[in-house]
Structures are given as C-alpha cells and as structure tokens.
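This report refers to the structure that appears directly beneath it.
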Protein chains: 2
Amino acid sequence: MEVLRALLVEDNPDHAELMRVYLEKENIASDVVGSGGECLERAGDGYDVILLDYYLPDIDGLEVLRRLKGKGVDLPVVVITGHGDEQVAVEAMKGGAYDYVVKSGMYFLVVPEVARKAVEAHRTSKRLEEELIQAQRREAIVQTAIAVNHEINNPLGVILGNAELLLSQLKDADEGVVRKLRIIEEQCIKIKEITQKLANLTDPVLTEYLKGREKMLDIHRSK
Amino acid sequence: MEVLRALLVEDNPDHAELMRVYLEKENIASDVVGSGGECLERAGDGYDVILLDYYLPDIDGLEVLRRLKGKGVDLPVVVITGHGDEQVAVEAMKGGAYDYVVKSGMYFLVVPEVARKAVEAHRTSKRLEEELIQAQRREAIVQTAIAVNHEINNPLGVILGNAELLLSQLKDADEGVVRKLRIIEEQCIKIKEITQKLANLTDPVLTEYLKGREKMLDIHRSK
C-alpha cells in the first residue's frame, strides 16, 4: 500500500494523537498543526491530503478552504467536525472539500479510508482533466498542421514545377546555374517533407524554444 | 431577471405544486415529473437546472445523479429531501449535486434562489473550463506556428536567395526564364507571409476543412 502524507489540522491534542496513530496503522504519515493559519503555511509542503477540523481557534474550515483555493493549493481536503450539521457539510463540499467525517463514536477508524479515497478521487479527476486538455491540444496542433499544408503546398508546388521546367530548359547552361536550380529543388523537397510530417502528426512532442520561456512543437521527434 | 427553465422531479403532487408556484413567482418555469426514470428521459429537453427530490418511487437521487452523468447531461442539480440526513447531503454533493435543500418549514421559499445560484455557478464553472481549454489550444497553435517558422524559414531563405542570384545572373536570358524565376520569387514571398502570419498569431480562428468532419486553422482570418 502506497505511503501517503497527510497534513492533520486539529487543535485538540487528544483527537490529533488518536487520528495520527490510526492513520499511521494504514500507512498514512501525518504532521499535526493546530490552526488554520498553520495549515495554510504548510499546505504546500508535499502532502497528499489535508484532514481539516472544521472548528479551529483562528479561522473556520470554510475560510481555510477558500484561502487554500486562493493560494492555488490543489489538494483533496477531508473536513472533520464534531457537530453533525448537514449545512456545514454541504457548505464544506461546495467550498471544495472532497468528503466529510463527523467526530462521533469511533470516527477515527474511518478517517484513513476516507483520506485514501479522497487522494484517489483527486488523482483521477486531475488525470481526466489533463487528458481532456491534451486531447484539445492535439486537436489544435492537427488543425494548424492542416492549415499549413493547405496554404503552403500550392505555392511550393508552383516553385518546384518552375524549378524543374528551368532545369530542363537550362540543362546545358553553366554549372553554377544548374547547381542553384538543384538547390532550389532540394529545399522545396525539404519543406514538403516537413509539411507532410506535420499533416500526419498524431503524437506531438514539445521541445524548448526560448530557454525556459517558450516551447515549440518538435516536428522531427513528433510522430 | 432572466427566465429559467427547471425540471422539477417530485412524486408528491402537493409539494410539486407548492414549488412550481414559488418558482414561477421568481421567473423560473418548471415542468413536473414524478420519477427518476422520467427525469432521465426529459433531462435533455433544454432545462437550465434540475430540482431533484431524493426519495423517488423508482430510483433514489444518488442513482439519478449517477445516470445523468452517464448520459452526459451537464446540468446543475439541486437535491431536495425530507430527511435532514447529512450523509445523504454529502453523498449527493459527492455525486455531483450543486446544492441541497431540506424539506422543512417554508423550504419552498428558498428553492428559487438556490436554483438560480446553481445555474450561475454552473455557468461560471463551464466558462472557466472553456477558457482554460481555449488558452491551452491557443498555446498549442502558437507552439506549432513557432515550429513551422523554425523549420521552413531556413530552406525558404535558401530558395529565395538562389532565385535572386539566378535572376541577376540570367537577367539577359529569354523572357520565359526570367518569368519563371519571378514566379519562384513571388511564391517564396507568399509562403513567407503565411509563416510570418502564423508566427504572430494571437487570436486563432477555425474554419471547416472537411465538411462537418474536421476543422483547420484559418490563417487568413486569424489575428
């Protein structure tokens, strides 16, 4: 079972310790902080999931959720509260929480499983989002490739045709003239190969264009 | 206030009528159906929001949510239930509901506002998703444009350079030779204009390529 790292936000040391122990049993290592402020400070430290007590000494769970989003922290959050209040549950879910655990009875027994499910669901949704974006990117590249072919093939054909006519017309001209026409021919074929490669592209690969700033399509490494 | 259309899924005719009247007062026209099955059948009929009673005679609200997703229906759903059960609330929210109203007291007074908010939130989230995708598409097009420039400018420059050398070398040759070289020159400039246009593209426009099947970048209409 993959070891996960949880940030446990709980101001009651007894509850924190109970949860920490039960999480540990299920291969979830946790660091404990006691306030919303500390949660916001530490959220970026490589955790897989945040387990967030709703009622904290400084700010409530909903405000923590809002500020996490504001900071661009993209982690699943499980909200934990001592009050069985469905409005809090709904508000937390609307605020972006993945799930909700009520502190009653042996609640700490379910926390590890809920945490693990939250991590999985979050990863799945990230993956689907990434796939959607990649599909759209591929489509845009193909649409550009079609346009490039469409626009360039015609003038390129005219250049190549005229170069070939000149070659047959001037085949007895001096060597320099013939060489220049051959170069024109070769370069046309080079451009044609590139546009053909572009037209058949299904698996685009990117490469660095301006160091660390921009990327461009790597026509040669793309398939 | 924009007139909205709601599909109201409620098997109790008294509740349905109460909600229908209060929705109408707030410019929300609603059609009433009494089962999950009917909801699934009618969901695609141009509604802005679904107001879904959780406990239905055929399938429960959670199952309706699941099947709506399975059918690709992309509408905000507000779940309405007579039981103040937070676990149902959380499950409905996890199942993709936007909000949750408990049938108690004068609950029907809040339904119109909740419905309107759900529509707004859903539209905002669609718009943000669309913007993210468009940004990614634009980036992919620009990356392809950079690559095309990068690959084509060099051979194109060689063709143009040689054509110009030949023109000065053969300026006294017969008219046909000079005309062919001029055509080569013109077509090179045409390709250069296209690659330059591509390189400076910030607002890509698409056009139909294969009728109804594929689209391509419209280099001339893009800016």
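In the structure tokens, chains take the letters A, B, ... in the order shown, each chain's residues start at 1, and ligands count up from 1 in the order shown.
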
Would you kindly return, as a PyMOL selection string, each protein, DNA or RNA residue with an atom no farther than 12 Å from any atom of segment 174-176 of chain A, considering only C-alpha atoms and excluding same-chain residues fewer than 5 positions away? (chain A and resi 167+181-183) or (chain B and resi 162+165-166+169-170)

Could you save the residues just selected, with all heavy atoms, as an mmCIF file, in the first residue's frame?
data_model
loop_
_atom_site.group_PDB
_atom_site.id
_atom_site.type_symbol
_atom_site.label_atom_id
_atom_site.label_comp_id
_atom_site.auth_asym_id
_atom_site.auth_seq_id
_atom_site.Cartn_x
_atom_site.Cartn_y
_atom_site.Cartn_z
ATOM 1 N N LEU A 167 15.170 23.684 -65.063
ATOM 2 C CA LEU A 167 16.259 22.688 -65.144
ATOM 3 C C LEU A 167 16.287 22.031 -66.516
ATOM 4 O O LEU A 167 17.367 21.833 -67.091
ATOM 5 C CB LEU A 167 16.064 21.621 -64.058
ATOM 6 C CG LEU A 167 16.828 21.870 -62.752
ATOM 7 C CD1 LEU A 167 16.353 20.907 -61.677
ATOM 8 C CD2 LEU A 167 18.336 21.739 -62.960
ATOM 9 N N LEU A 181 19.657 25.740 -59.313
ATOM 10 C CA LEU A 181 18.307 25.184 -59.515
ATOM 11 C C LEU A 181 18.123 23.881 -58.729
ATOM 12 O O LEU A 181 17.054 23.630 -58.149
ATOM 13 C CB LEU A 181 18.027 24.961 -61.007
ATOM 14 C CG LEU A 181 17.828 26.247 -61.820
ATOM 15 C CD1 LEU A 181 17.846 25.962 -63.316
ATOM 16 C CD2 LEU A 181 16.512 26.929 -61.427
ATOM 17 N N ARG A 182 19.184 23.088 -58.680
ATOM 18 C CA ARG A 182 19.121 21.843 -57.888
ATOM 19 C C ARG A 182 18.908 22.148 -56.397
ATOM 20 O O ARG A 182 18.166 21.458 -55.705
ATOM 21 C CB ARG A 182 20.415 21.023 -58.045
ATOM 22 C CG ARG A 182 20.590 20.400 -59.409
ATOM 23 C CD ARG A 182 20.248 18.902 -59.358
ATOM 24 N NE ARG A 182 20.310 18.366 -60.702
ATOM 25 C CZ ARG A 182 19.243 17.994 -61.406
ATOM 26 N NH1 ARG A 182 18.043 18.039 -60.879
ATOM 27 N NH2 ARG A 182 19.379 17.521 -62.628
ATOM 28 N N ILE A 183 19.605 23.184 -55.939
ATOM 29 C CA ILE A 183 19.451 23.578 -54.526
ATOM 30 C C ILE A 183 18.002 23.987 -54.261
ATOM 31 O O ILE A 183 17.380 23.574 -53.276
ATOM 32 C CB ILE A 183 20.419 24.729 -54.156
ATOM 33 C CG1 ILE A 183 21.870 24.214 -54.194
ATOM 34 C CG2 ILE A 183 20.102 25.290 -52.763
ATOM 35 C CD1 ILE A 183 22.922 25.293 -53.998
ATOM 36 N N ASN B 162 18.792 31.847 -53.849
ATOM 37 C CA ASN B 162 19.266 31.281 -55.107
ATOM 38 C C ASN B 162 18.460 31.815 -56.290
ATOM 39 O O ASN B 162 19.019 32.071 -57.360
ATOM 40 C CB ASN B 162 19.210 29.758 -55.066
ATOM 41 C CG ASN B 162 20.440 29.186 -54.378
ATOM 42 O OD1 ASN B 162 21.524 29.146 -54.955
ATOM 43 N ND2 ASN B 162 20.280 28.796 -53.120
ATOM 44 N N LEU B 165 19.862 35.208 -57.013
ATOM 45 C CA LEU B 165 21.170 35.097 -57.696
ATOM 46 C C LEU B 165 20.962 34.759 -59.168
ATOM 47 O O LEU B 165 21.599 35.343 -60.049
ATOM 48 C CB LEU B 165 22.023 34.010 -57.034
ATOM 49 C CG LEU B 165 22.708 34.371 -55.707
ATOM 50 C CD1 LEU B 165 23.471 33.166 -55.161
ATOM 51 C CD2 LEU B 165 23.672 35.552 -55.902
ATOM 52 N N LEU B 166 20.063 33.799 -59.411
ATOM 53 C CA LEU B 166 19.810 33.387 -60.803
ATOM 54 C C LEU B 166 19.220 34.538 -61.611
ATOM 55 O O LEU B 166 19.572 34.745 -62.771
ATOM 56 C CB LEU B 166 18.850 32.178 -60.825
ATOM 57 C CG LEU B 166 19.485 30.833 -60.455
ATOM 58 C CD1 LEU B 166 18.420 29.777 -60.226
ATOM 59 C CD2 LEU B 166 20.441 30.366 -61.572
ATOM 60 N N GLN B 169 21.974 36.777 -62.470
ATOM 61 C CA GLN B 169 22.882 36.102 -63.397
ATOM 62 C C GLN B 169 22.245 35.954 -64.790
ATOM 63 O O GLN B 169 22.935 36.041 -65.798
ATOM 64 C CB GLN B 169 23.206 34.712 -62.816
ATOM 65 C CG GLN B 169 24.440 34.042 -63.398
ATOM 66 C CD GLN B 169 24.756 32.721 -62.674
ATOM 67 O OE1 GLN B 169 24.305 32.514 -61.542
ATOM 68 N NE2 GLN B 169 25.532 31.861 -63.313
ATOM 69 N N LEU B 170 20.930 35.713 -64.807
ATOM 70 C CA LEU B 170 20.255 35.409 -66.071
ATOM 71 C C LEU B 170 19.349 36.546 -66.546
ATOM 72 O O LEU B 170 18.392 36.336 -67.287
ATOM 73 C CB LEU B 170 19.423 34.122 -65.914
ATOM 74 C CG LEU B 170 20.183 32.852 -65.548
ATOM 75 C CD1 LEU B 170 19.206 31.727 -65.195
ATOM 76 C CD2 LEU B 170 21.083 32.403 -66.695
#

Need to verify the contact set: segment 37-52 of chain A, 7 Å, only C-alpha atoms, exclusion of same-chain residues closer than 2 positions in sequence. Can you return it as a CSV table (one decimal) with N, CA and C atoms, in the first residue's frame?
chain,number,residue,atom,x,y,z
A,4,LEU,N,1.1,7.4,2.2
A,4,LEU,CA,0.7,8.8,1.9
A,4,LEU,C,1.1,9.7,3.0
A,5,ARG,N,1.1,11.0,2.7
A,5,ARG,CA,1.4,12.0,3.7
A,5,ARG,C,0.2,12.9,3.9
A,6,ALA,N,-0.2,13.0,5.1
A,6,ALA,CA,-1.4,13.9,5.4
A,6,ALA,C,-1.0,15.1,6.3
A,7,LEU,N,-1.6,16.2,6.0
A,7,LEU,CA,-1.5,17.3,7.0
A,7,LEU,C,-2.8,17.3,7.8
A,8,LEU,N,-2.6,17.1,9.1
A,8,LEU,CA,-3.7,16.9,10.0
A,8,LEU,C,-3.9,18.2,10.8
A,9,VAL,N,-5.0,18.9,10.6
A,9,VAL,CA,-5.3,20.2,11.2
A,9,VAL,C,-6.3,20.0,12.3
A,10,GLU,N,-5.8,20.0,13.6
A,10,GLU,CA,-6.7,19.6,14.7
A,10,GLU,C,-6.1,20.3,15.9
A,33,VAL,N,-0.9,20.1,12.8
A,33,VAL,CA,-0.9,21.5,13.2
A,33,VAL,C,-2.2,21.9,13.9
A,35,SER,N,-3.9,25.0,13.9
A,35,SER,CA,-4.7,26.2,13.5
A,35,SER,C,-4.8,26.3,11.9
A,54,TYR,N,-13.1,21.3,11.3
A,54,TYR,CA,-13.8,22.5,10.9
A,54,TYR,C,-13.7,23.6,11.8
A,61,GLY,N,-13.2,26.1,9.0
A,61,GLY,CA,-12.8,25.3,7.9
A,61,GLY,C,-13.1,25.8,6.5
A,68,LEU,N,-7.1,28.3,0.8
A,68,LEU,CA,-6.3,27.3,0.1
A,68,LEU,C,-6.4,27.4,-1.4
A,73,VAL,N,-3.5,26.0,-3.9
A,73,VAL,CA,-3.2,24.7,-3.4
A,73,VAL,C,-4.2,23.7,-3.9
A,75,LEU,N,-5.1,20.3,-3.5
A,75,LEU,CA,-5.0,19.0,-2.7
A,75,LEU,C,-6.4,18.7,-2.3
A,76,PRO,N,-6.7,17.3,-2.2
A,76,PRO,CA,-8.0,17.0,-1.6
A,76,PRO,C,-8.1,17.3,-0.1
A,77,VAL,N,-9.2,17.8,0.3
A,77,VAL,CA,-9.4,18.1,1.7
A,77,VAL,C,-10.6,17.3,2.3
A,78,VAL,N,-10.4,16.6,3.4
A,78,VAL,CA,-11.5,16.0,4.1
A,78,VAL,C,-11.8,16.8,5.3
A,79,VAL,N,-13.0,17.3,5.5
A,79,VAL,CA,-13.4,18.1,6.6
A,79,VAL,C,-13.9,17.2,7.7
A,80,ILE,N,-13.4,17.5,8.9
A,80,ILE,CA,-13.8,16.7,10.1
A,80,ILE,C,-14.4,17.7,11.1
A,115,ALA,N,-9.5,9.3,3.7
A,115,ALA,CA,-8.4,10.0,3.2
A,115,ALA,C,-7.8,9.4,2.0
A,119,VAL,N,-7.7,11.0,-1.9
A,119,VAL,CA,-6.5,11.1,-2.7
A,119,VAL,C,-6.7,10.4,-4.1

Quick one: which residues from chain B are at most 8 Å off chain A, using only C-alpha atoms, as a PyMOL selection string? chain B and resi 84-87+89-90+93-94+98-100+133+136-138+140-147+151-152+155-156+158-159+162-163+166+177+180-181+183-184+187-188+190-191+194+215-219

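Proximity to Ser30 of chain A was assessed for A:Leu56, A:Val205, A:Met106, A:Val3 counting only C-alpha atoms; the smallest distance is recorded for A:Val3.
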
Could I get chain A fitted onto chain B (least squares, all C-alpha atoms, in order) as a compact mmCIF listing (two decimals) with C-alpha atoms, in the first residue's frame?
# COMPACT_ATOMS: atom_id res chain seq x y z
CA MET A 1 -34.59 38.76 -14.22
CA GLU A 2 -33.80 36.03 -16.75
CA VAL A 3 -36.54 33.43 -17.07
CA LEU A 4 -35.14 30.00 -16.22
CA ARG A 5 -36.56 26.55 -16.92
CA ALA A 6 -36.46 23.91 -14.21
CA LEU A 7 -37.25 20.21 -14.34
CA LEU A 8 -38.90 19.48 -11.01
CA VAL A 9 -38.69 15.81 -9.99
CA GLU A 10 -41.14 15.25 -7.12
CA ASP A 11 -43.62 12.42 -6.63
CA ASN A 12 -45.69 14.20 -4.02
CA PRO A 13 -48.22 16.37 -5.94
CA ASP A 14 -48.74 18.80 -3.03
CA HIS A 15 -45.04 19.54 -2.66
CA ALA A 16 -44.66 19.72 -6.44
CA GLU A 17 -47.46 22.28 -6.74
CA LEU A 18 -46.10 24.40 -3.87
CA MET A 19 -42.67 24.52 -5.39
CA ARG A 20 -44.01 25.14 -8.89
CA VAL A 21 -45.94 28.19 -7.66
CA TYR A 22 -43.02 29.68 -5.71
CA LEU A 23 -40.62 29.06 -8.58
CA GLU A 24 -43.07 30.75 -10.97
CA LYS A 25 -43.15 33.84 -8.70
CA GLU A 26 -39.38 34.12 -9.19
CA ASN A 27 -39.50 33.70 -12.96
CA ILE A 28 -38.56 30.04 -12.97
CA ALA A 29 -40.89 27.99 -15.16
CA SER A 30 -40.99 24.35 -14.14
CA ASP A 31 -42.24 21.06 -15.55
CA VAL A 32 -43.06 18.42 -12.98
CA VAL A 33 -42.28 14.70 -13.30
CA GLY A 34 -42.82 12.09 -10.60
CA SER A 35 -39.99 9.59 -11.06
CA GLY A 36 -36.27 9.22 -11.65
CA GLY A 37 -36.99 7.45 -14.94
CA GLU A 38 -38.97 10.42 -16.26
CA CYS A 39 -36.25 12.78 -15.05
CA LEU A 40 -33.66 10.87 -17.10
CA GLU A 41 -35.95 10.91 -20.15
CA ARG A 42 -36.66 14.63 -20.01
CA ALA A 43 -33.33 16.00 -18.73
CA GLY A 44 -32.11 16.82 -22.23
CA ASP A 45 -35.15 18.97 -23.09
CA GLY A 46 -33.46 22.33 -22.65
CA TYR A 47 -33.74 22.88 -18.89
CA ASP A 48 -31.38 25.14 -16.97
CA VAL A 49 -31.55 23.23 -13.70
CA ILE A 50 -32.92 20.01 -12.21
CA LEU A 51 -34.64 20.10 -8.80
CA LEU A 52 -34.50 16.52 -7.65
CA ASP A 53 -36.38 14.99 -4.75
CA TYR A 54 -34.01 12.42 -3.26
CA TYR A 55 -36.56 9.73 -2.38
CA LEU A 56 -38.43 8.73 -5.53
CA PRO A 57 -40.67 5.73 -6.23
CA ASP A 58 -38.28 4.09 -8.71
CA ILE A 59 -34.63 5.05 -8.08
CA ASP A 60 -33.02 7.29 -5.48
CA GLY A 61 -31.47 10.69 -6.15
CA LEU A 62 -27.92 9.38 -6.04
CA GLU A 63 -28.67 6.86 -8.76
CA VAL A 64 -30.39 9.58 -10.83
CA LEU A 65 -27.24 11.73 -10.48
CA ARG A 66 -25.08 8.81 -11.58
CA ARG A 67 -27.23 8.06 -14.63
CA LEU A 68 -27.48 11.73 -15.62
CA LYS A 69 -23.68 11.84 -15.65
CA GLY A 70 -23.62 8.59 -17.64
CA LYS A 71 -25.92 10.15 -20.24
CA GLY A 72 -23.64 13.18 -20.45
CA VAL A 73 -26.30 15.56 -19.11
CA ASP A 74 -24.39 18.62 -17.96
CA LEU A 75 -26.90 20.51 -15.81
CA PRO A 76 -26.76 21.74 -12.22
CA VAL A 77 -28.84 19.56 -9.89
CA VAL A 78 -30.29 20.70 -6.55
CA VAL A 79 -31.22 17.72 -4.38
CA ILE A 80 -34.28 18.08 -2.16
CA THR A 81 -35.07 15.67 0.63
CA GLY A 82 -37.41 15.33 3.56
CA HIS A 83 -34.77 13.81 5.79
CA GLY A 84 -32.14 15.92 7.46
CA ASP A 85 -29.45 13.36 6.87
CA GLU A 86 -25.98 14.81 6.40
CA GLN A 87 -24.64 11.60 4.90
CA VAL A 88 -27.22 11.88 2.11
CA ALA A 89 -26.19 15.51 1.63
CA VAL A 90 -22.52 14.62 1.37
CA GLU A 91 -23.20 11.68 -0.94
CA ALA A 92 -25.36 13.86 -3.20
CA MET A 93 -22.67 16.56 -3.33
CA LYS A 94 -20.01 13.94 -4.05
CA GLY A 95 -22.33 12.58 -6.73
CA GLY A 96 -22.21 15.96 -8.41
CA ALA A 97 -25.20 17.82 -6.93
CA TYR A 98 -24.65 21.55 -6.68
CA ASP A 99 -26.70 22.09 -3.53
CA TYR A 100 -29.10 20.53 -1.11
CA VAL A 101 -32.40 21.72 0.38
CA VAL A 102 -34.11 20.04 3.32
CA LYS A 103 -37.91 19.86 3.16
CA SER A 104 -38.72 21.45 6.48
CA GLY A 105 -40.79 24.48 7.40
CA MET A 106 -41.13 26.94 4.53
CA TYR A 107 -38.36 25.29 2.52
CA PHE A 108 -40.07 26.14 -0.79
CA LEU A 109 -39.30 29.81 -0.18
CA VAL A 110 -35.56 29.19 -0.58
CA VAL A 111 -35.77 26.81 -3.54
CA PRO A 112 -35.93 29.55 -6.24
CA GLU A 113 -32.84 31.33 -4.92
CA VAL A 114 -30.89 28.08 -4.56
CA ALA A 115 -31.91 27.09 -8.10
CA ARG A 116 -30.79 30.42 -9.52
CA LYS A 117 -27.45 30.27 -7.68
CA ALA A 118 -26.91 26.72 -8.97
CA VAL A 119 -27.45 27.89 -12.56
CA GLU A 120 -25.04 30.80 -12.10
CA ALA A 121 -22.33 28.69 -10.46
CA HIS A 122 -22.65 26.08 -13.17
CA ARG A 123 -22.37 28.68 -15.93
CA THR A 124 -19.34 30.26 -14.27
CA SER A 125 -17.59 26.93 -13.96
CA LYS A 126 -18.36 26.06 -17.61
CA ARG A 127 -17.02 29.43 -18.68
CA LEU A 128 -13.79 28.99 -16.70
CA GLU A 129 -13.33 25.50 -18.12
CA GLU A 130 -13.89 26.82 -21.64
CA GLU A 131 -11.40 29.64 -21.05
CA LEU A 132 -8.78 27.20 -19.78
CA ILE A 133 -9.26 25.02 -22.84
CA GLN A 134 -9.12 28.00 -25.22
CA ALA A 135 -5.92 29.24 -23.59
CA GLN A 136 -4.36 25.80 -24.03
CA ARG A 137 -5.53 25.62 -27.63
CA ARG A 138 -4.08 29.05 -28.39
CA GLU A 139 -0.80 28.03 -26.80
CA ALA A 140 -0.65 24.84 -28.88
CA ILE A 141 -1.33 26.79 -32.08
CA VAL A 142 1.40 29.29 -31.27
CA GLN A 143 3.83 26.44 -30.48
CA THR A 144 3.07 24.90 -33.86
CA ALA A 145 3.43 28.25 -35.58
CA ILE A 146 6.86 28.80 -34.01
CA ALA A 147 7.95 25.33 -35.18
CA VAL A 148 6.70 25.94 -38.72
CA ASN A 149 8.63 29.19 -38.90
CA HIS A 150 11.68 27.64 -37.39
CA GLU A 151 11.69 24.76 -39.90
CA ILE A 152 10.58 26.54 -43.04
CA ASN A 153 12.34 29.91 -42.90
CA ASN A 154 15.77 28.45 -43.45
CA PRO A 155 15.09 26.37 -46.61
CA LEU A 156 12.83 29.17 -47.86
CA GLY A 157 15.64 31.68 -47.48
CA VAL A 158 17.97 29.36 -49.41
CA ILE A 159 15.42 29.04 -52.25
CA LEU A 160 14.86 32.78 -52.41
CA GLY A 161 18.59 33.55 -52.28
CA ASN A 162 19.38 31.14 -55.11
CA ALA A 163 16.45 32.39 -57.18
CA GLU A 164 17.79 35.94 -56.82
CA LEU A 165 21.33 34.89 -57.73
CA LEU A 166 19.97 33.14 -60.82
CA LEU A 167 17.92 36.21 -61.74
CA SER A 168 20.98 38.44 -61.71
CA GLN A 169 23.11 35.79 -63.44
CA LEU A 170 20.48 35.08 -66.12
CA LYS A 171 18.98 38.56 -66.52
CA ASP A 172 19.80 38.45 -70.24
CA ALA A 173 18.42 34.94 -70.76
CA ASP A 174 15.18 34.46 -72.69
CA GLU A 175 11.96 35.85 -71.27
CA GLY A 176 10.60 32.41 -70.28
CA VAL A 177 13.54 31.74 -67.95
CA VAL A 178 13.26 35.11 -66.23
CA ARG A 179 9.49 34.71 -65.85
CA LYS A 180 9.89 31.31 -64.20
CA LEU A 181 12.46 32.71 -61.76
CA ARG A 182 10.14 35.60 -60.94
CA ILE A 183 7.33 33.14 -60.23
CA ILE A 184 9.63 31.20 -57.89
CA GLU A 185 10.48 34.48 -56.15
CA GLU A 186 6.81 35.50 -55.80
CA GLN A 187 5.76 32.12 -54.42
CA CYS A 188 8.59 32.23 -51.87
CA ILE A 189 7.34 35.60 -50.68
CA LYS A 190 3.81 34.18 -50.46
CA ILE A 191 5.01 31.34 -48.21
CA LYS A 192 7.03 33.82 -46.14
CA GLU A 193 3.94 35.96 -45.59
CA ILE A 194 2.03 32.94 -44.39
CA THR A 195 4.72 31.87 -41.94
CA GLN A 196 5.03 35.45 -40.68
CA LYS A 197 1.28 35.68 -40.18
CA LEU A 198 1.45 32.38 -38.29
CA ALA A 199 4.32 33.61 -36.11
CA ASN A 200 2.39 36.68 -35.00
CA LEU A 201 -0.89 34.93 -34.40
CA THR A 202 -2.62 35.77 -31.11
CA ASP A 203 -6.29 35.30 -31.97
CA PRO A 204 -6.74 32.06 -33.94
CA VAL A 205 -9.92 31.60 -35.97
CA LEU A 206 -11.07 28.19 -37.19
CA THR A 207 -12.76 27.35 -40.44
CA GLU A 208 -14.31 24.21 -41.90
CA TYR A 209 -11.87 21.90 -43.64
CA LEU A 210 -13.72 18.70 -44.44
CA LYS A 211 -17.40 19.57 -44.49
CA GLY A 212 -18.83 18.94 -41.03
CA ARG A 213 -15.93 16.70 -40.09
CA GLU A 214 -12.73 18.55 -39.48
CA LYS A 215 -11.76 22.12 -38.80
CA MET A 216 -8.54 23.90 -39.58
CA LEU A 217 -6.92 27.14 -38.57
CA ASP A 218 -7.96 29.99 -40.85
CA ILE A 219 -4.62 31.74 -41.26
CA HIS A 220 -6.10 34.66 -43.18
CA ARG A 221 -8.90 35.44 -40.78
CA SER A 222 -6.78 34.87 -37.67
CA LYS A 223 -5.10 37.84 -36.09

Those in chain A with alpha helix (DSSP H) from DSSP, as a VMD selection string: chain A and resid 13 to 25 36 to 42 61 to 70 86 to 94 111 to 169 175 to 199

Could you write out, as a count of residues only, all the residues of segment 12-177 of chain B that DSSP marks as strand (DSSP E or B)? 20
